[in-house]
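S.K.: If it helps, the file is called final-v3.tsv and holds TSV, C-alpha atoms:
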chain	number	residue	atom	x	y	z
A	1	MET	CA	0.00	0.00	0.00
A	2	GLU	CA	1.70	3.08	-1.18
A	3	THR	CA	0.76	5.67	1.39
A	4	ALA	CA	-0.10	3.67	4.49
A	5	THR	CA	0.99	5.38	7.69
A	6	PRO	CA	3.08	3.08	9.90
A	7	MET	CA	1.14	1.95	12.95
A	8	SER	CA	2.30	3.02	16.37
A	9	TYR	CA	1.06	2.67	19.89
A	10	ALA	CA	2.26	3.84	23.27
A	11	TYR	CA	3.10	1.71	26.27
A	12	MET	CA	4.69	2.93	29.49
A	13	GLY	CA	5.59	6.25	27.90
A	14	ARG	CA	7.38	4.69	24.95
A	15	THR	CA	6.14	4.39	21.38
A	16	PHE	CA	6.31	1.12	19.46
A	17	SER	CA	5.93	1.43	15.71
A	18	GLU	CA	5.41	-0.95	12.78
A	19	ASP	CA	7.23	-0.01	9.61
A	20	SER	CA	6.86	-3.33	7.84
A	21	THR	CA	3.16	-3.16	6.97
A	22	THR	CA	3.76	-2.21	3.34
A	23	SER	CA	5.00	-5.62	2.26
A	24	ALA	CA	2.20	-7.41	4.08
A	25	PHE	CA	-0.56	-6.09	1.88
A	26	SER	CA	-1.59	-6.59	-1.73
A	27	ASP	CA	-0.67	-3.73	-4.03
A	28	CYS	CA	-4.23	-3.14	-5.24
A	29	ASN	CA	-2.69	-1.86	-8.42
A	30	SER	CA	-4.30	-1.90	-11.87
A	31	ASP	CA	-6.61	-4.77	-12.73
A	32	ARG	CA	-5.01	-8.18	-12.78
A	33	SER	CA	-7.70	-10.10	-14.60
A	34	GLY	CA	-5.33	-11.23	-17.33
A	35	GLU	CA	-7.86	-10.57	-20.05
A	36	PHE	CA	-5.53	-8.42	-22.10
A	37	SER	CA	-2.57	-10.03	-23.79
A	38	THR	CA	0.19	-7.50	-24.29
A	39	THR	CA	1.15	-9.24	-27.53
A	40	SER	CA	-2.26	-9.14	-29.15
A	41	SER	CA	-2.54	-7.20	-32.40
A	42	GLN	CA	-5.65	-5.40	-31.12
A	43	ASN	CA	-3.79	-4.10	-28.10
A	44	ARG	CA	-0.80	-3.02	-30.16
A	45	LEU	CA	-3.09	-1.05	-32.45
A	46	LEU	CA	-4.83	0.52	-29.48
A	47	LEU	CA	-1.59	1.57	-27.84
A	48	LEU	CA	-0.22	2.88	-31.13
A	49	SER	CA	-3.37	4.94	-31.62
A	50	CYS	CA	-2.96	6.47	-28.18
A	51	SER	CA	0.71	7.28	-28.72
A	52	SER	CA	0.14	8.99	-32.05
A	53	GLU	CA	-0.33	12.69	-32.68
A	54	ASN	CA	-4.09	12.13	-32.70
A	55	SER	CA	-4.18	10.45	-29.28
A	56	ASP	CA	-6.25	13.22	-27.70
A	57	ASP	CA	-8.87	12.87	-30.43
A	58	PHE	CA	-8.84	9.11	-30.02
A	59	ILE	CA	-9.43	9.37	-26.25
A	60	ARG	CA	-12.19	11.95	-26.73
A	61	GLN	CA	-13.92	9.55	-29.11
A	62	LEU	CA	-13.71	6.76	-26.56
A	63	VAL	CA	-15.19	9.03	-23.91
A	64	SER	CA	-17.98	9.97	-26.28
A	65	ASP	CA	-18.67	6.28	-26.94
A	66	LEU	CA	-19.10	5.69	-23.20
A	67	GLU	CA	-22.34	7.64	-23.46
A	68	SER	CA	-23.55	5.85	-26.59
A	69	SER	CA	-27.01	4.29	-26.67
A	70	SER	CA	-25.34	1.05	-27.80
A	71	ILE	CA	-24.29	-1.21	-24.94
A	72	ASP	CA	-21.80	-2.93	-27.25
A	73	LEU	CA	-20.15	0.38	-28.09
A	74	GLN	CA	-20.10	1.39	-24.42
A	75	ARG	CA	-18.57	-1.94	-23.49
A	76	GLN	CA	-15.86	-1.65	-26.14
A	77	ALA	CA	-15.02	1.93	-25.17
A	78	ALA	CA	-14.87	1.07	-21.46
A	79	MET	CA	-12.64	-1.93	-22.16
A	80	GLN	CA	-10.27	0.20	-24.24
A	81	ILE	CA	-10.12	2.95	-21.62
A	82	ARG	CA	-9.53	0.31	-18.99
A	83	LEU	CA	-6.56	-1.00	-20.96
A	84	LEU	CA	-5.11	2.43	-21.76
A	85	ALA	CA	-5.25	3.43	-18.10
A	86	LYS	CA	-3.81	0.16	-16.87
A	87	ASN	CA	-0.09	0.92	-16.90
A	88	LYS	CA	0.54	4.43	-18.20
A	89	GLU	CA	0.26	7.51	-15.97
A	90	GLU	CA	0.05	9.91	-18.90
A	91	ASN	CA	-2.99	8.09	-20.26
A	92	ARG	CA	-4.70	8.19	-16.87
A	93	LEU	CA	-4.38	11.96	-16.83
A	94	LYS	CA	-5.50	12.37	-20.43
A	95	ILE	CA	-8.53	10.14	-19.97
A	96	ALA	CA	-9.66	11.93	-16.81
A	97	ARG	CA	-9.15	15.35	-18.38
A	98	ALA	CA	-11.18	14.27	-21.40
A	99	GLY	CA	-14.22	13.87	-19.14
A	100	ALA	CA	-14.30	10.09	-18.74
A	101	VAL	CA	-14.92	9.93	-15.01
A	102	LYS	CA	-18.64	10.74	-14.85
A	103	PRO	CA	-19.69	8.46	-17.73
A	104	LEU	CA	-17.58	5.68	-16.21
A	105	ILE	CA	-19.36	6.17	-12.88
A	106	SER	CA	-22.63	5.75	-14.77
A	107	LEU	CA	-21.34	2.42	-16.11
A	108	VAL	CA	-20.47	1.34	-12.56
A	109	GLN	CA	-24.22	1.55	-11.89
A	110	SER	CA	-25.12	-0.49	-14.98
A	111	ALA	CA	-27.31	-3.57	-14.68
A	112	ASP	CA	-25.07	-5.26	-17.26
A	113	PRO	CA	-22.45	-7.19	-15.21
A	114	GLN	CA	-19.65	-6.90	-17.76
A	115	LEU	CA	-20.30	-3.22	-18.37
A	116	GLN	CA	-20.25	-2.63	-14.62
A	117	GLU	CA	-17.02	-4.58	-14.30
A	118	PHE	CA	-15.32	-2.56	-17.03
A	119	GLY	CA	-16.54	0.68	-15.46
A	120	VAL	CA	-15.33	-0.28	-11.98
A	121	THR	CA	-11.96	-1.40	-13.28
A	122	ALA	CA	-11.46	1.68	-15.43
A	123	ILE	CA	-12.18	3.83	-12.35
A	124	LEU	CA	-9.65	1.76	-10.40
A	125	ASN	CA	-7.00	2.27	-13.05
A	126	LEU	CA	-7.65	6.01	-13.22
A	127	SER	CA	-7.48	6.23	-9.42
A	128	LEU	CA	-3.87	5.06	-9.49
A	129	CYS	CA	-3.00	8.61	-10.56
A	130	GLU	CA	-2.77	10.87	-7.53
A	131	GLU	CA	-4.17	13.83	-9.44
A	132	ASN	CA	-7.33	11.92	-10.32
A	133	LYS	CA	-8.40	10.87	-6.81
A	134	ASP	CA	-10.13	14.11	-5.84
A	135	LEU	CA	-11.87	14.28	-9.20
A	136	ILE	CA	-13.16	10.70	-8.90
A	137	ALA	CA	-14.41	11.14	-5.34
A	138	GLY	CA	-15.83	14.59	-6.08
A	139	SER	CA	-17.71	13.24	-9.11
A	140	GLY	CA	-19.73	10.89	-6.90
A	141	ALA	CA	-17.88	7.59	-7.37
A	142	ILE	CA	-17.89	6.42	-3.76
A	143	LYS	CA	-21.49	5.22	-3.40
A	144	PRO	CA	-21.65	3.49	-6.83
A	145	LEU	CA	-18.37	1.71	-6.04
A	146	ILE	CA	-19.84	0.54	-2.73
A	147	ARG	CA	-22.93	-0.79	-4.53
A	148	ALA	CA	-20.64	-2.72	-6.91
A	149	LEU	CA	-18.70	-3.98	-3.90
A	150	ARG	CA	-21.93	-5.19	-2.37
A	151	ALA	CA	-23.65	-6.74	-5.39
A	152	GLY	CA	-21.25	-6.95	-8.34
A	153	ASN	CA	-19.56	-10.03	-9.80
A	154	PRO	CA	-16.37	-11.24	-8.06
A	155	THR	CA	-14.04	-9.13	-10.22
A	156	SER	CA	-16.19	-6.02	-9.74
A	157	LYS	CA	-16.15	-6.55	-5.98
A	158	GLU	CA	-12.38	-6.97	-5.86
A	159	ASN	CA	-11.67	-3.98	-8.08
A	160	ALA	CA	-14.22	-1.83	-6.25
A	161	ALA	CA	-12.40	-2.64	-3.00
A	162	CYS	CA	-9.12	-1.60	-4.61
A	163	ALA	CA	-10.62	1.61	-6.01
A	164	LEU	CA	-11.99	2.52	-2.58
A	165	LEU	CA	-8.57	1.83	-1.11
A	166	ARG	CA	-7.00	4.23	-3.57
A	167	LEU	CA	-9.56	6.92	-2.82
A	168	SER	CA	-9.05	6.37	0.92
A	169	GLN	CA	-5.42	7.34	0.52
A	170	VAL	CA	-6.74	10.89	0.48
A	171	GLU	CA	-7.29	11.35	4.20
A	172	GLU	CA	-10.48	13.39	3.80
A	173	ASN	CA	-12.15	10.51	1.94
A	174	LYS	CA	-11.82	7.94	4.73
A	175	LEU	CA	-14.78	9.16	6.75
A	176	ALA	CA	-16.89	9.68	3.62
A	177	ILE	CA	-16.23	6.11	2.49
A	178	GLY	CA	-17.00	4.70	5.93
A	179	ARG	CA	-20.16	6.77	6.34
A	180	SER	CA	-21.35	5.74	2.87
A	181	GLY	CA	-21.52	2.09	3.94
A	182	ALA	CA	-18.27	0.56	2.68
A	183	ILE	CA	-17.20	-1.22	5.85
A	184	GLN	CA	-19.84	-3.99	5.98
A	185	PRO	CA	-19.38	-5.17	2.35
A	186	LEU	CA	-15.60	-5.06	2.81
A	187	VAL	CA	-15.97	-7.27	5.89
A	188	ASP	CA	-18.24	-9.57	3.85
A	189	LEU	CA	-15.58	-9.76	1.10
A	190	LEU	CA	-12.92	-10.48	3.72
A	191	GLU	CA	-15.02	-13.35	5.07
A	192	ASN	CA	-16.48	-14.81	1.88
A	193	GLY	CA	-14.29	-13.66	-1.00
A	194	GLY	CA	-11.66	-15.63	-2.86
A	195	THR	CA	-7.96	-15.31	-2.12
A	196	ARG	CA	-7.57	-12.05	-3.99
A	197	GLY	CA	-10.82	-10.68	-2.58
A	198	LYS	CA	-9.67	-11.34	0.97
A	199	LYS	CA	-6.35	-9.63	0.31
A	200	ASP	CA	-7.96	-6.61	-1.33
A	201	ALA	CA	-10.56	-6.29	1.43
A	202	SER	CA	-7.93	-6.48	4.17
A	203	THR	CA	-5.83	-3.83	2.44
A	204	ALA	CA	-8.79	-1.46	2.08
A	205	LEU	CA	-9.90	-2.05	5.68
A	206	PHE	CA	-6.39	-1.43	6.98
A	207	SER	CA	-6.38	1.96	5.28
A	208	LEU	CA	-9.92	2.94	6.27
A	209	CYS	CA	-9.48	1.85	9.87
A	210	SER	CA	-6.79	4.38	10.57
A	211	VAL	CA	-9.85	6.51	11.45
A	212	LYS	CA	-11.42	5.73	14.84
A	213	GLU	CA	-14.98	5.96	13.55
A	214	ASN	CA	-14.27	3.28	10.96
A	215	LYS	CA	-12.60	1.04	13.51
A	216	ILE	CA	-15.79	0.99	15.54
A	217	ARG	CA	-17.87	0.37	12.40
A	218	ALA	CA	-15.63	-2.54	11.45
A	219	VAL	CA	-15.94	-4.18	14.87
A	220	GLN	CA	-19.72	-3.68	14.82
A	221	SER	CA	-19.77	-5.25	11.34
A	222	GLY	CA	-18.29	-8.47	12.72
A	223	ILE	CA	-14.76	-8.11	11.40
A	224	MET	CA	-13.06	-9.89	14.28
A	225	LYS	CA	-14.49	-13.32	13.44
A	226	PRO	CA	-12.93	-13.57	9.95
A	227	LEU	CA	-9.72	-11.90	11.13
A	228	VAL	CA	-9.25	-14.43	13.94
A	229	GLU	CA	-10.05	-17.29	11.56
A	230	LEU	CA	-7.48	-16.02	9.05
A	231	MET	CA	-4.83	-15.63	11.75
A	232	ALA	CA	-5.55	-19.16	12.97
A	233	ASP	CA	-4.94	-20.61	9.50
A	234	LEU	CA	-1.15	-20.41	9.33
A	235	GLY	CA	-1.15	-21.73	5.78
A	236	SER	CA	-3.62	-19.19	4.43
A	237	GLY	CA	-1.10	-16.57	3.40
A	238	MET	CA	-3.30	-14.09	5.27
A	239	VAL	CA	-1.85	-14.25	8.79
A	240	ASP	CA	0.24	-11.09	8.49
A	241	LYS	CA	-2.50	-9.10	6.77
A	242	ALA	CA	-5.18	-10.12	9.25
A	243	ALA	CA	-2.89	-9.45	12.21
A	244	PHE	CA	-1.98	-5.97	10.98
A	245	VAL	CA	-5.68	-5.10	10.69
A	246	VAL	CA	-6.27	-6.48	14.21
A	247	SER	CA	-3.40	-4.38	15.56
A	248	VAL	CA	-5.11	-1.26	14.24
A	249	LEU	CA	-8.51	-2.23	15.64
A	250	VAL	CA	-7.38	-3.04	19.19
A	251	SER	CA	-6.45	0.59	19.71
A	252	VAL	CA	-10.14	1.09	20.59
A	253	PRO	CA	-11.87	-0.69	23.51
A	254	GLU	CA	-14.46	-2.25	21.19
A	255	GLY	CA	-11.65	-3.87	19.23
A	256	LYS	CA	-10.05	-5.41	22.31
A	257	THR	CA	-13.38	-6.80	23.47
A	258	GLY	CA	-14.27	-8.13	20.03
A	259	LEU	CA	-10.91	-9.85	19.63
A	260	VAL	CA	-11.16	-11.61	22.99
A	261	GLU	CA	-14.79	-12.63	22.45
A	262	GLU	CA	-13.87	-14.27	19.13
A	263	GLY	CA	-11.13	-16.36	20.74
A	264	GLY	CA	-8.21	-14.25	19.58
A	265	ILE	CA	-5.94	-14.72	22.60
A	266	PRO	CA	-5.09	-18.44	22.10
A	267	VAL	CA	-4.60	-17.79	18.38
A	268	LEU	CA	-2.15	-14.98	19.06
A	269	VAL	CA	-0.25	-17.03	21.63
A	270	GLU	CA	0.10	-19.84	19.09
A	271	ILE	CA	1.46	-17.36	16.54
A	272	VAL	CA	4.07	-16.16	19.06
A	273	GLU	CA	5.08	-19.80	19.47
A	274	VAL	CA	5.10	-21.10	15.87
A	275	GLY	CA	4.69	-18.16	13.48
A	276	THR	CA	7.31	-16.48	11.33
A	277	GLN	CA	9.53	-13.85	12.92
A	278	ARG	CA	7.33	-11.05	11.64
A	279	GLN	CA	4.15	-12.82	12.71
A	280	LYS	CA	5.56	-13.37	16.20
A	281	GLU	CA	6.38	-9.69	16.48
A	282	ILE	CA	2.93	-8.56	15.36
A	283	ALA	CA	1.20	-11.03	17.69
A	284	ALA	CA	3.31	-9.97	20.67
A	285	GLY	CA	2.46	-6.34	19.93
A	286	ILE	CA	-1.27	-7.07	19.83
A	287	LEU	CA	-1.13	-9.00	23.10
A	288	LEU	CA	0.78	-6.12	24.68
A	289	GLN	CA	-1.90	-3.67	23.59
A	290	ILE	CA	-4.81	-5.70	24.96
A	291	CYS	CA	-3.06	-6.50	28.25
A	292	GLU	CA	-1.75	-3.07	29.18
A	293	ASP	CA	-4.98	-1.91	30.83
A	294	SER	CA	-6.68	-5.20	31.70
A	295	VAL	CA	-5.77	-7.57	34.50
A	296	THR	CA	-8.44	-9.95	33.19
A	297	TYR	CA	-6.80	-10.18	29.78
A	298	ARG	CA	-3.37	-10.65	31.36
A	299	LYS	CA	-4.71	-13.63	33.28
A	300	MET	CA	-6.19	-15.08	30.09
A	301	VAL	CA	-2.90	-14.64	28.20
A	302	GLY	CA	-0.97	-16.21	31.06
A	303	ARG	CA	-3.33	-19.20	31.21
A	304	GLU	CA	-2.70	-19.83	27.51
A	305	GLY	CA	0.97	-20.46	28.29
A	306	ALA	CA	2.29	-17.28	26.70
A	307	ILE	CA	5.34	-16.72	28.86
A	308	PRO	CA	7.63	-19.53	27.51
A	309	PRO	CA	7.29	-18.52	23.83
A	310	LEU	CA	7.59	-14.85	24.84
A	311	VAL	CA	10.82	-15.63	26.68
A	312	ALA	CA	12.10	-17.40	23.57
A	313	LEU	CA	11.11	-14.40	21.45
A	314	SER	CA	12.83	-12.01	23.84
A	315	GLN	CA	16.03	-13.94	23.30
A	316	SER	CA	15.95	-14.65	19.57
A	317	GLY	CA	13.56	-12.23	17.88
A	318	THR	CA	14.16	-8.99	16.03
A	319	THR	CA	15.02	-5.91	18.07
A	320	ARG	CA	11.41	-4.71	18.07
A	321	ALA	CA	10.11	-8.21	18.81
A	322	LYS	CA	12.44	-8.48	21.80
A	323	GLN	CA	11.22	-5.12	23.12
A	324	LYS	CA	7.59	-6.13	22.87
A	325	ALA	CA	8.16	-9.59	24.32
A	326	GLU	CA	10.11	-8.21	27.28
A	327	ALA	CA	7.48	-5.54	27.98
A	328	LEU	CA	4.70	-8.12	27.86
A	329	ILE	CA	6.58	-10.58	30.07
A	330	ASN	CA	7.09	-7.84	32.67
A	331	LEU	CA	3.40	-7.02	32.51
A	332	LEU	CA	2.31	-10.65	32.87
A	333	ARG	CA	4.63	-11.18	35.85
A	334	GLN	CA	3.34	-8.16	37.77
A	335	PRO	CA	1.21	-8.61	40.87
A	336	ARG	CA	-2.31	-8.69	39.47
A	337	SER	CA	-3.40	-5.46	41.07
A	338	GLY	CA	-4.40	-3.61	37.91
A	339	ASN	CA	-1.50	-1.14	37.99
A	340	ASN	CA	1.52	-0.97	35.72
A	341	ASN	CA	4.08	0.08	38.30
A	342	GLY	CA	5.99	-3.17	37.98
A	343	ALA	CA	7.22	-2.24	34.51
A	344	ARG	CA	9.39	0.75	33.78
A	345	ALA	CA	9.99	2.64	30.57
A	346	SER	CA	13.70	2.03	31.10
A	347	ASP	CA	13.03	-1.69	30.78
A	348	VAL	CA	12.42	-1.17	27.06
A	349	SER	CA	15.20	0.14	24.87
A	350	ASP	CA	14.77	1.75	21.45
Spit out the file's structure as structure tokens when you get a sec.
M.R.:
Amino acid sequence: METATPMSYAYMGRTFSEDSTTSAFSDCNSDRSGEFSTTSSQNRLLLLSCSSENSDDFIRQLVSDLESSSIDLQRQAAMQIRLLAKNKEENRLKIARAGAVKPLISLVQSADPQLQEFGVTAILNLSLCEENKDLIAGSGAIKPLIRALRAGNPTSKENAACALLRLSQVEENKLAIGRSGAIQPLVDLLENGGTRGKKDASTALFSLCSVKENKIRAVQSGIMKPLVELMADLGSGMVDKAAFVVSVLVSVPEGKTGLVEEGGIPVLVEIVEVGTQRQKEIAAGILLQICEDSVTYRKMVGREGAIPPLVALSQSGTTRAKQKAEALINLLRQPRSGNNNGARASDVSD
């Protein structure tokens, strides 16, 4: 994710940060449907047309065709715009400036599944250009994209999630996207989508849930159940992604409660014991967050046998993992009086 802000949280006056989230998430870049062969003669002709002196006229004609009364002509124009915007920044700017955004948004609302898919994916590809994001959001794309996310075909859902992610990288759009109803269908995609759908949903939710209001919405939408299930499946390829989303959500009380209610503590302890080095670090950080203000949760973590794998992590993990493991061990070994006086900021080094 290009512009994700590294997570951080405070404990005992010190700040722990995560700067490795970028590699955990899918890129949500241009569409990856594989429909367009880069060697096909049709594509070569299309790209040649757009690189010629008449490229502006060619793009304007495509934009005009988007508003044709012929569905076939609309479909062809949307497919060509989708392809032109797939990899080339200059084309994304030209297409947006030629007025394509509003007619593409109309296609996103089409009852024709393929036409909707092409419209959604063209919007996604245009949204990869930073200059286009405000135009797309300001033209009313958010709610139609959410409807496609809720009721479109699998590709439309995945690409709508990616488009919403891209729009959410403009900070002002995060609340608008959450308030427009995106969180529940993203949680549904996370739970019921295919492999790519789960990855795209987790990436979008990670971005949107940097805002407190969206964190609460996500928890209320039942996000913790699929996240815990994904973390528990160590072979899913989703452990890191799910855990990073959890680590954002447990910064609010509702997130801590939801995680514990869905059986997250034993899953996290198992990850500390048998996960990869990065997974162990993330899991230790989450456990530290949920335990810092709750004696009850500390007891639950202790009963799951967390201290031996935490001791091992404190001796052999990364620098950050050692810090988190040591801080959590100190917390778990405190007298269970509900205060944090047994641990000192000096116990944790930067």
S.K.: (-22.8, -2.9, -14.2) in this file's frame - what residues fall within 12 Å of it? Use only C-alpha atoms and give the answer as a VMD selection string.
M.R.: chain A and resid 71 74 to 75 78 104 to 121 144 to 145 147 to 149 151 to 153 155 to 157 160
S.K.: Taking (-1.2, -9.2, 12.1) in the file's own coordinates, collect the residues within 10 Å, counting all atoms listed in the file, and hand them back as a PDB file with C-alpha atoms, in the frame of the given file.
M.R.:
ATOM      1  CA  THR A  21       3.160  -3.160   6.970  1.00  0.00           C
ATOM      2  CA  ALA A  24       2.200  -7.410   4.080  1.00  0.00           C
ATOM      3  CA  LEU A 227      -9.720 -11.900  11.130  1.00  0.00           C
ATOM      4  CA  VAL A 228      -9.250 -14.430  13.940  1.00  0.00           C
ATOM      5  CA  LEU A 230      -7.480 -16.020   9.050  1.00  0.00           C
ATOM      6  CA  MET A 231      -4.830 -15.630  11.750  1.00  0.00           C
ATOM      7  CA  MET A 238      -3.300 -14.090   5.270  1.00  0.00           C
ATOM      8  CA  VAL A 239      -1.850 -14.250   8.790  1.00  0.00           C
ATOM      9  CA  ASP A 240       0.240 -11.090   8.490  1.00  0.00           C
ATOM     10  CA  LYS A 241      -2.500  -9.100   6.770  1.00  0.00           C
ATOM     11  CA  ALA A 242      -5.180 -10.120   9.250  1.00  0.00           C
ATOM     12  CA  ALA A 243      -2.890  -9.450  12.210  1.00  0.00           C
ATOM     13  CA  PHE A 244      -1.980  -5.970  10.980  1.00  0.00           C
ATOM     14  CA  VAL A 245      -5.680  -5.100  10.690  1.00  0.00           C
ATOM     15  CA  VAL A 246      -6.270  -6.480  14.210  1.00  0.00           C
ATOM     16  CA  SER A 247      -3.400  -4.380  15.560  1.00  0.00           C
ATOM     17  CA  VAL A 248      -5.110  -1.260  14.240  1.00  0.00           C
ATOM     18  CA  LEU A 268      -2.150 -14.980  19.060  1.00  0.00           C
ATOM     19  CA  ILE A 271       1.460 -17.360  16.540  1.00  0.00           C
ATOM     20  CA  ARG A 278       7.330 -11.050  11.640  1.00  0.00           C
ATOM     21  CA  GLN A 279       4.150 -12.820  12.710  1.00  0.00           C
ATOM     22  CA  LYS A 280       5.560 -13.370  16.200  1.00  0.00           C
ATOM     23  CA  GLU A 281       6.380  -9.690  16.480  1.00  0.00           C
ATOM     24  CA  ILE A 282       2.930  -8.560  15.360  1.00  0.00           C
ATOM     25  CA  ALA A 283       1.200 -11.030  17.690  1.00  0.00           C
ATOM     26  CA  ALA A 284       3.310  -9.970  20.670  1.00  0.00           C
ATOM     27  CA  GLY A 285       2.460  -6.340  19.930  1.00  0.00           C
ATOM     28  CA  ILE A 286      -1.270  -7.070  19.830  1.00  0.00           C
TER      29      ILE A 286
END
S.K.: Give me, as a list in words, all polymer residues having an atom no more than 9 Å from Ile290 in chain A, counting only C-alpha atoms and skipping those fewer than 3 positions away in the same chain.
M.R.: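 Counting only C-alpha atoms, the residues come to Val250, Ser251, Pro253, Lys256, Thr257, Val260, Gly285, Ile286, Leu287, Asp293, Ser294, Tyr297 and Arg298 of chain A.
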S.K.: Between A:Arg217, A:Lys86, A:Lys199, A:Lys102, which one has atoms that come closest to Cys162 in chain A, using all atoms listed in the file?
M.R.: A:Lys199
S.K.: Go ahead and compute the interatomic distance for CA of Glu131 in chain A and CA of Val187 in chain A, in Å to one decimal.
M.R.: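 Atom-to-atom, CA of Glu131 in chain A and CA of Val187 in chain A are spaced 28.6 Å apart.
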S.K.: Would you tabulate, counting all atoms listed in the file, all residues of range 198-287 of chain A that have an atom at most 10 Å from an atom of range 176-184 of chain A, showing the closest pair of atoms and their distance in Å to one decimal, sorted by chain then ascending number, as a tab-separated table?
M.R.:
residue	atom	partner	partner_atom	distance
A:Ala201	CA	A:Ile183	CA	9.5
A:Ala204	CA	A:Ile183	CA	9.2
A:Leu205	CA	A:Ile183	CA	7.3
A:Leu208	CA	A:Gly178	CA	7.3
A:Cys209	CA	A:Gly178	CA	9.0
A:Val211	CA	A:Gly178	CA	9.2
A:Glu213	CA	A:Gly178	CA	8.0
A:Asn214	CA	A:Gly178	CA	5.9
A:Lys215	CA	A:Ile183	CA	9.2
A:Arg217	CA	A:Ile183	CA	6.8
A:Ala218	CA	A:Ile183	CA	6.0
A:Val219	CA	A:Ile183	CA	9.6
A:Gln220	CA	A:Gln184	CA	8.8
A:Ser221	CA	A:Gln184	CA	5.5
A:Gly222	CA	A:Gln184	CA	8.2
A:Ile223	CA	A:Gln184	CA	8.5
S.K.: May I ask for the distance between CA of Gln277 in chain A and CA of Ala232 in chain A, given in Å to one decimal place?
M.R.: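 CA of Gln277 in chain A sits 16.0 Å away from CA of Ala232 in chain A.
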S.K.: Would you mind reading off the distance between CA of Cys129 in chain A and CA of Glu90 in chain A, one decimal, in Å?
M.R.: 9.0 Å
S.K.: Which is closer to Gly138 in chain A than all the others in A:Leu84, A:Val101, A:Ala161, A:Ala122, using all atoms listed in the file?
M.R.: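 The closest residue to Gly138 in chain A is A:Val101.
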S.K.: Please provide the set of residues having any atom within 9 Å of Arg92 in chain A, restricted to all atoms listed in the file, with same-chain residues fewer than 2 positions apart removed, written as a PyMOL selection string.
M.R.: chain A and resi 81+84-90+94-97+125-129+132
S.K.: Smallest atom-to-atom distance to Asp200 in chain A: which of A:Glu292, A:Glu158, A:Asp188, A:Glu304, using all atoms listed in the file?
M.R.: A:Glu158
S.K.: Using all atoms listed in the file, which of the listed residues (A:Ile59, A:Ile265, A:Leu165, A:Leu313) sits closest to Ile146 in chain A?
M.R.: A:Leu165
S.K.: Contacts of Gln76 in chain A at 9 Å or less, counting only C-alpha atoms, minus same-chain residues fewer than 4 places along, as a list in words?
M.R.: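 Once the adjacent positions are removed, what remains is Leu62, Asp65, Leu66, Ile71, Asp72, Gln80 and Ile81 of chain A.
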